[in-house]
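Student: My questions all concern the structure below.
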Amino acid sequence: MRLGLPDHIVACLFDLDGVLTQTATVHEAAWKQMFDAHLRDRAARTREPFRAFEEADYDRYVDGKPRYDGVRSFLESRGIDLPEGSHDDPPGAETIGGLGNRKNQLVLDLIRSQGVRPYEGSVRYVHAVIEAGLQRAVVSSSTNCHDVLVAAGIADLFDTIVDGHIAEQRHLRGKPAPDTFLEAAKELGVAPRDAAVFEDALAGVEAGRAGGFGAVVGVDRVGQAAELSAHGADIVVSDLDELLEER
């Protein structure tokens, strides 16, 4: 074992939010703000009880998925049927596209006001990966991936990025489908079995397992170690530098 990974691994594919950067909580806050506002308005119109968007909803329906898929998945869980609209809909539109764009507007506001901090343990691990000569990619459903990496000061640590823009341009399915991870492996010129996936989202570890990757590392930031294992993680750590201590 090296880097806490099987010896044949030659590339590492990292999710962004919650693995490399401390932005998962920012995304969750933006999702809650957007959905709670929508649910309150809907409850007032229909005279139904207001049920807030909860952490369990984020973990189950939203985390790790492309933005519009997350909107669609959560609304389906509540039996709410909205028009699809388009990705160009204004943030105030009562459509899947509109709600997704409202969430993105909120998360950008939060990032601008709060800044972006990387996880120091993850940065140490990525530097160890570089020293070991392994290739590195960031695989994220976010369309703000590059800006977040730059804001966190770690953009130069990676060989390639497969983000929400790339997924849309190349018609790649979002997590839990393995498409974006497979695309990153292809860009690096490595077989999936020779690459490791690092994910904090249940949908993400599912994607790693579905893609036949050589190792799937679950990063447990919120106390869901058992769930990460059940959804496909080979090993679960609370921070990536724990893998260095196991050598």
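Ordered as shown in the structure tokens, chains take letters A, B, and onward, while each chain numbers its residues from 1 and ligands are numbered from 1 in the order shown.
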Can you tell me which residues surround Glu206 (chain A) at a distance of at most 6 Å, considering only C-alpha atoms, apart from same-chain residues fewer than 3 positions away, and format the answer as a ChimeraX atom specification?
Tutor: /A:176,203,209,231-232
Student: Based on the selection just made, write N, CA and C atoms of those residues as a tab-separated table (two decimals), in the first residue's frame.
Tutor:
```tsv
chain	number	residue	atom	x	y	z
A	176	PRO	N	-25.31	9.81	-9.29
A	176	PRO	CA	-24.49	8.61	-9.05
A	176	PRO	C	-24.04	7.84	-10.28
A	203	ALA	N	-23.98	9.80	-3.32
A	203	ALA	CA	-24.08	9.66	-4.78
A	203	ALA	C	-22.69	9.52	-5.40
A	209	ARG	N	-18.12	3.31	-7.36
A	209	ARG	CA	-18.34	1.86	-7.42
A	209	ARG	C	-18.88	1.45	-8.78
A	231	HIS	N	-22.87	2.43	0.48
A	231	HIS	CA	-23.09	2.92	-0.88
A	231	HIS	C	-21.89	2.67	-1.80
A	232	GLY	N	-20.78	2.10	-1.26
A	232	GLY	CA	-19.72	1.71	-2.18
A	232	GLY	C	-18.31	2.07	-1.80
```
Student: Kindly assemble as JSON lines a list of the region 135-232 of chain A residues that lie within 10 Å of region 93-107 of chain A, each paired with its nearest atom pair and their distance in Å to one decimal, using only C-alpha atoms, sorted first by chain and then by ascending residue number.
Tutor:
```
{"residue": "A:Ser142", "atom": "CA", "partner": "A:Asn104", "partner_atom": "CA", "distance": 9.3}
{"residue": "A:Thr143", "atom": "CA", "partner": "A:Asn104", "partner_atom": "CA", "distance": 9.0}
{"residue": "A:Asn144", "atom": "CA", "partner": "A:Asn104", "partner_atom": "CA", "distance": 8.9}
```
Student: Write a file of the just-selected residues containing C-alpha atoms, as an mmCIF file, in the first residue's frame.
Tutor:
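As written to disk, selection02.cif reads:
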```
data_model
loop_
_atom_site.group_PDB
_atom_site.id
_atom_site.type_symbol
_atom_site.label_atom_id
_atom_site.label_comp_id
_atom_site.auth_asym_id
_atom_site.auth_seq_id
_atom_site.Cartn_x
_atom_site.Cartn_y
_atom_site.Cartn_z
ATOM 1 C CA SER A 142 -20.406 22.265 -9.728
ATOM 2 C CA THR A 143 -20.200 24.845 -12.511
ATOM 3 C CA ASN A 144 -18.202 27.015 -10.089
#
```
Student: So which residues of region 48-218 of chain A fall under strand (DSSP E) by DSSP, listed as a list in words?
Tutor: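 Residues meeting the strand (DSSP E) criterion: Gln135, Arg136, Ala137, Val138, Val139, Thr160, Ile161, Val162, Ala195, Ala196, Val197, Phe198, Glu199, Ala215, Val216, Val217 and Gly218 of chain A.
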Student: Take the residues from that selection and write them out as a CSV table (one decimal), in the first residue's frame, keeping all heavy atoms.
Tutor:
```
chain,number,residue,atom,x,y,z
A,135,GLN,N,-1.1,11.0,-11.0
A,135,GLN,CA,-1.9,12.0,-11.7
A,135,GLN,C,-3.1,12.4,-10.9
A,135,GLN,O,-3.6,11.6,-10.0
A,135,GLN,CB,-2.3,11.6,-13.1
A,135,GLN,CG,-1.2,11.2,-14.0
A,135,GLN,CD,-1.7,10.9,-15.4
A,135,GLN,OE1,-2.0,11.8,-16.2
A,135,GLN,NE2,-1.7,9.6,-15.7
A,136,ARG,N,-3.6,13.6,-11.1
A,136,ARG,CA,-4.7,14.2,-10.2
A,136,ARG,C,-5.7,14.9,-11.1
A,136,ARG,O,-5.4,15.7,-11.9
A,136,ARG,CB,-4.1,15.1,-9.2
A,136,ARG,CG,-3.0,14.5,-8.4
A,136,ARG,CD,-1.9,15.5,-7.9
A,136,ARG,NE,-1.5,16.5,-8.8
A,136,ARG,CZ,-0.5,16.2,-9.8
A,136,ARG,NH1,0.0,15.0,-9.9
A,136,ARG,NH2,-0.1,17.2,-10.6
A,137,ALA,N,-7.0,14.6,-10.7
A,137,ALA,CA,-8.1,15.3,-11.3
A,137,ALA,C,-9.1,15.7,-10.3
A,137,ALA,O,-9.2,15.1,-9.2
A,137,ALA,CB,-8.8,14.5,-12.4
A,138,VAL,N,-9.8,16.8,-10.5
A,138,VAL,CA,-11.0,17.2,-9.7
A,138,VAL,C,-12.2,16.9,-10.5
A,138,VAL,O,-12.3,17.3,-11.7
A,138,VAL,CB,-10.9,18.7,-9.4
A,138,VAL,CG1,-12.2,19.1,-8.6
A,138,VAL,CG2,-9.7,19.1,-8.6
A,139,VAL,N,-13.2,16.2,-9.9
A,139,VAL,CA,-14.4,15.8,-10.6
A,139,VAL,C,-15.6,16.3,-9.7
A,139,VAL,O,-15.8,15.9,-8.6
A,139,VAL,CB,-14.5,14.3,-10.7
A,139,VAL,CG1,-15.8,13.9,-11.5
A,139,VAL,CG2,-13.3,13.7,-11.5
A,160,THR,N,-6.2,18.1,-14.4
A,160,THR,CA,-7.4,18.3,-15.2
A,160,THR,C,-8.6,18.5,-14.3
A,160,THR,O,-8.6,18.1,-13.1
A,160,THR,CB,-7.6,17.2,-16.2
A,160,THR,OG1,-8.6,17.6,-17.2
A,160,THR,CG2,-8.1,15.9,-15.5
A,161,ILE,N,-9.6,19.1,-14.8
A,161,ILE,CA,-10.9,19.3,-14.1
A,161,ILE,C,-12.0,18.8,-15.0
A,161,ILE,O,-12.1,19.2,-16.2
A,161,ILE,CB,-11.1,20.8,-13.8
A,161,ILE,CG1,-10.0,21.3,-12.8
A,161,ILE,CG2,-12.5,21.0,-13.2
A,161,ILE,CD1,-10.1,22.8,-12.6
A,162,VAL,N,-12.9,18.0,-14.4
A,162,VAL,CA,-14.2,17.7,-15.1
A,162,VAL,C,-15.3,18.2,-14.2
A,162,VAL,O,-15.5,17.7,-13.1
A,162,VAL,CB,-14.3,16.2,-15.3
A,162,VAL,CG1,-15.7,15.9,-15.9
A,162,VAL,CG2,-13.2,15.6,-16.2
A,195,ALA,N,-7.3,3.8,-11.1
A,195,ALA,CA,-7.6,5.2,-10.5
A,195,ALA,C,-8.4,5.0,-9.2
A,195,ALA,O,-9.2,4.1,-9.0
A,195,ALA,CB,-8.4,6.1,-11.5
A,196,ALA,N,-8.2,6.0,-8.3
A,196,ALA,CA,-8.9,6.0,-7.0
A,196,ALA,C,-9.9,7.2,-7.0
A,196,ALA,O,-9.5,8.3,-7.5
A,196,ALA,CB,-8.0,6.1,-5.8
A,197,VAL,N,-11.0,7.0,-6.5
A,197,VAL,CA,-12.0,8.1,-6.3
A,197,VAL,C,-12.1,8.5,-4.9
A,197,VAL,O,-12.2,7.6,-4.0
A,197,VAL,CB,-13.4,7.6,-6.8
A,197,VAL,CG1,-14.6,8.5,-6.4
A,197,VAL,CG2,-13.4,7.4,-8.3
A,198,PHE,N,-12.2,9.8,-4.6
A,198,PHE,CA,-12.3,10.3,-3.3
A,198,PHE,C,-13.6,11.2,-3.2
A,198,PHE,O,-13.7,12.2,-3.9
A,198,PHE,CB,-11.1,11.2,-2.9
A,198,PHE,CG,-9.8,10.5,-3.0
A,198,PHE,CD1,-9.2,10.2,-4.2
A,198,PHE,CD2,-9.2,10.1,-1.8
A,198,PHE,CE1,-8.0,9.5,-4.2
A,198,PHE,CE2,-8.0,9.4,-1.8
A,198,PHE,CZ,-7.4,9.1,-3.1
A,199,GLU,N,-14.5,10.7,-2.4
A,199,GLU,CA,-15.9,11.4,-2.3
A,199,GLU,C,-16.4,11.5,-0.9
A,199,GLU,O,-16.2,10.6,-0.1
A,199,GLU,CB,-16.9,10.5,-3.2
A,199,GLU,CG,-17.0,11.0,-4.6
A,199,GLU,CD,-17.9,12.2,-4.7
A,199,GLU,OE1,-18.4,12.7,-3.6
A,199,GLU,OE2,-18.1,12.7,-5.8
A,215,ALA,N,-10.2,1.9,-6.4
A,215,ALA,CA,-10.4,2.2,-4.9
A,215,ALA,C,-11.4,3.3,-4.8
A,215,ALA,O,-11.3,4.3,-5.6
A,215,ALA,CB,-9.1,2.6,-4.3
A,216,VAL,N,-12.3,3.2,-3.9
A,216,VAL,CA,-13.2,4.3,-3.6
A,216,VAL,C,-13.1,4.7,-2.1
A,216,VAL,O,-13.4,3.9,-1.2
A,216,VAL,CB,-14.7,3.9,-3.9
A,216,VAL,CG1,-15.7,5.0,-3.6
A,216,VAL,CG2,-14.8,3.4,-5.3
A,217,VAL,N,-12.6,5.9,-1.9
A,217,VAL,CA,-12.4,6.4,-0.6
A,217,VAL,C,-13.5,7.3,-0.2
A,217,VAL,O,-13.8,8.3,-0.8
A,217,VAL,CB,-11.1,7.2,-0.5
A,217,VAL,CG1,-10.8,7.7,0.9
A,217,VAL,CG2,-9.9,6.2,-0.9
A,218,GLY,N,-14.2,7.0,0.9
A,218,GLY,CA,-15.3,7.9,1.4
A,218,GLY,C,-14.7,8.8,2.4
A,218,GLY,O,-13.9,8.4,3.3
```
Student: Which region 184-234 of chain A residues have any atom within 12 Å of an atom of region 21-24 of chain A, and for each, what is the nearest pair of atoms with distance in Å to one decimal, counting only C-alpha atoms, rows sorted by chain and number, as a tab-separated table?
Tutor:
```
residue	atom	partner	partner_atom	distance
A:Glu199	CA	A:Ala24	CA	11.7
A:Asp200	CA	A:Ala24	CA	9.2
A:Ala201	CA	A:Ala24	CA	9.6
A:Asp220	CA	A:Ala24	CA	11.9
A:Arg221	CA	A:Ala24	CA	9.4
A:Val222	CA	A:Ala24	CA	10.2
```
Student: Store the residues picked out above, limited to all heavy atoms, as an mmCIF file, in the first residue's frame.
Tutor:
```
data_model
loop_
_atom_site.group_PDB
_atom_site.id
_atom_site.type_symbol
_atom_site.label_atom_id
_atom_site.label_comp_id
_atom_site.auth_asym_id
_atom_site.auth_seq_id
_atom_site.Cartn_x
_atom_site.Cartn_y
_atom_site.Cartn_z
ATOM 1 N N GLU A 199 -14.537 10.748 -2.367
ATOM 2 C CA GLU A 199 -15.877 11.358 -2.331
ATOM 3 C C GLU A 199 -16.423 11.453 -0.916
ATOM 4 O O GLU A 199 -16.186 10.568 -0.093
ATOM 5 C CB GLU A 199 -16.857 10.517 -3.164
ATOM 6 C CG GLU A 199 -17.046 10.993 -4.575
ATOM 7 C CD GLU A 199 -17.918 12.231 -4.681
ATOM 8 O OE1 GLU A 199 -18.411 12.704 -3.644
ATOM 9 O OE2 GLU A 199 -18.101 12.703 -5.812
ATOM 10 N N ASP A 200 -17.192 12.521 -0.653
ATOM 11 C CA ASP A 200 -17.890 12.642 0.634
ATOM 12 C C ASP A 200 -19.387 12.420 0.490
ATOM 13 O O ASP A 200 -20.092 12.320 1.499
ATOM 14 C CB ASP A 200 -17.646 14.019 1.261
ATOM 15 C CG ASP A 200 -18.361 15.125 0.509
ATOM 16 O OD1 ASP A 200 -18.266 15.162 -0.733
ATOM 17 O OD2 ASP A 200 -19.018 15.957 1.164
ATOM 18 N N ALA A 201 -19.894 12.369 -0.735
ATOM 19 C CA ALA A 201 -21.331 12.246 -0.978
ATOM 20 C C ALA A 201 -21.703 10.800 -1.270
ATOM 21 O O ALA A 201 -20.949 10.058 -1.900
ATOM 22 C CB ALA A 201 -21.755 13.136 -2.147
ATOM 23 N N ASP A 220 -15.761 11.106 5.423
ATOM 24 C CA ASP A 220 -16.910 11.321 6.310
ATOM 25 C C ASP A 220 -16.736 12.619 7.091
ATOM 26 O O ASP A 220 -16.021 12.657 8.091
ATOM 27 C CB ASP A 220 -17.055 10.145 7.262
ATOM 28 C CG ASP A 220 -18.211 10.331 8.228
ATOM 29 O OD1 ASP A 220 -19.153 11.066 7.869
ATOM 30 O OD2 ASP A 220 -18.165 9.754 9.332
ATOM 31 N N ARG A 221 -17.408 13.669 6.634
ATOM 32 C CA ARG A 221 -17.356 14.961 7.325
ATOM 33 C C ARG A 221 -18.557 15.170 8.242
ATOM 34 O O ARG A 221 -18.544 16.087 9.058
ATOM 35 C CB ARG A 221 -17.335 16.105 6.296
ATOM 36 C CG ARG A 221 -16.254 16.017 5.235
ATOM 37 C CD ARG A 221 -14.876 16.315 5.768
ATOM 38 N NE ARG A 221 -13.913 16.458 4.682
ATOM 39 C CZ ARG A 221 -12.596 16.527 4.863
ATOM 40 N NH1 ARG A 221 -12.086 16.474 6.073
ATOM 41 N NH2 ARG A 221 -11.783 16.660 3.825
ATOM 42 N N VAL A 222 -19.608 14.348 8.092
ATOM 43 C CA VAL A 222 -20.862 14.644 8.789
ATOM 44 C C VAL A 222 -21.419 13.443 9.557
ATOM 45 O O VAL A 222 -22.594 13.425 9.907
ATOM 46 C CB VAL A 222 -21.926 15.164 7.795
ATOM 47 C CG1 VAL A 222 -21.495 16.498 7.215
ATOM 48 C CG2 VAL A 222 -22.190 14.162 6.677
#
```
Student: Point out the residue among A:Arg170, A:Gly85, A:Leu243, A:Tyr58 with the least atom-to-atom distance to Ser73 (chain A), counting only C-alpha atoms.
Tutor: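 Looking at the shortest contact to Ser73 (chain A), the residue is A:Tyr58.
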Student: Closest to Val62 (chain A) among A:Thr180, A:Ser141, A:Ser122, A:Ser238, using only C-alpha atoms?
Tutor: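 Counting only C-alpha atoms, the residue closest to Val62 (chain A) is A:Ser141.
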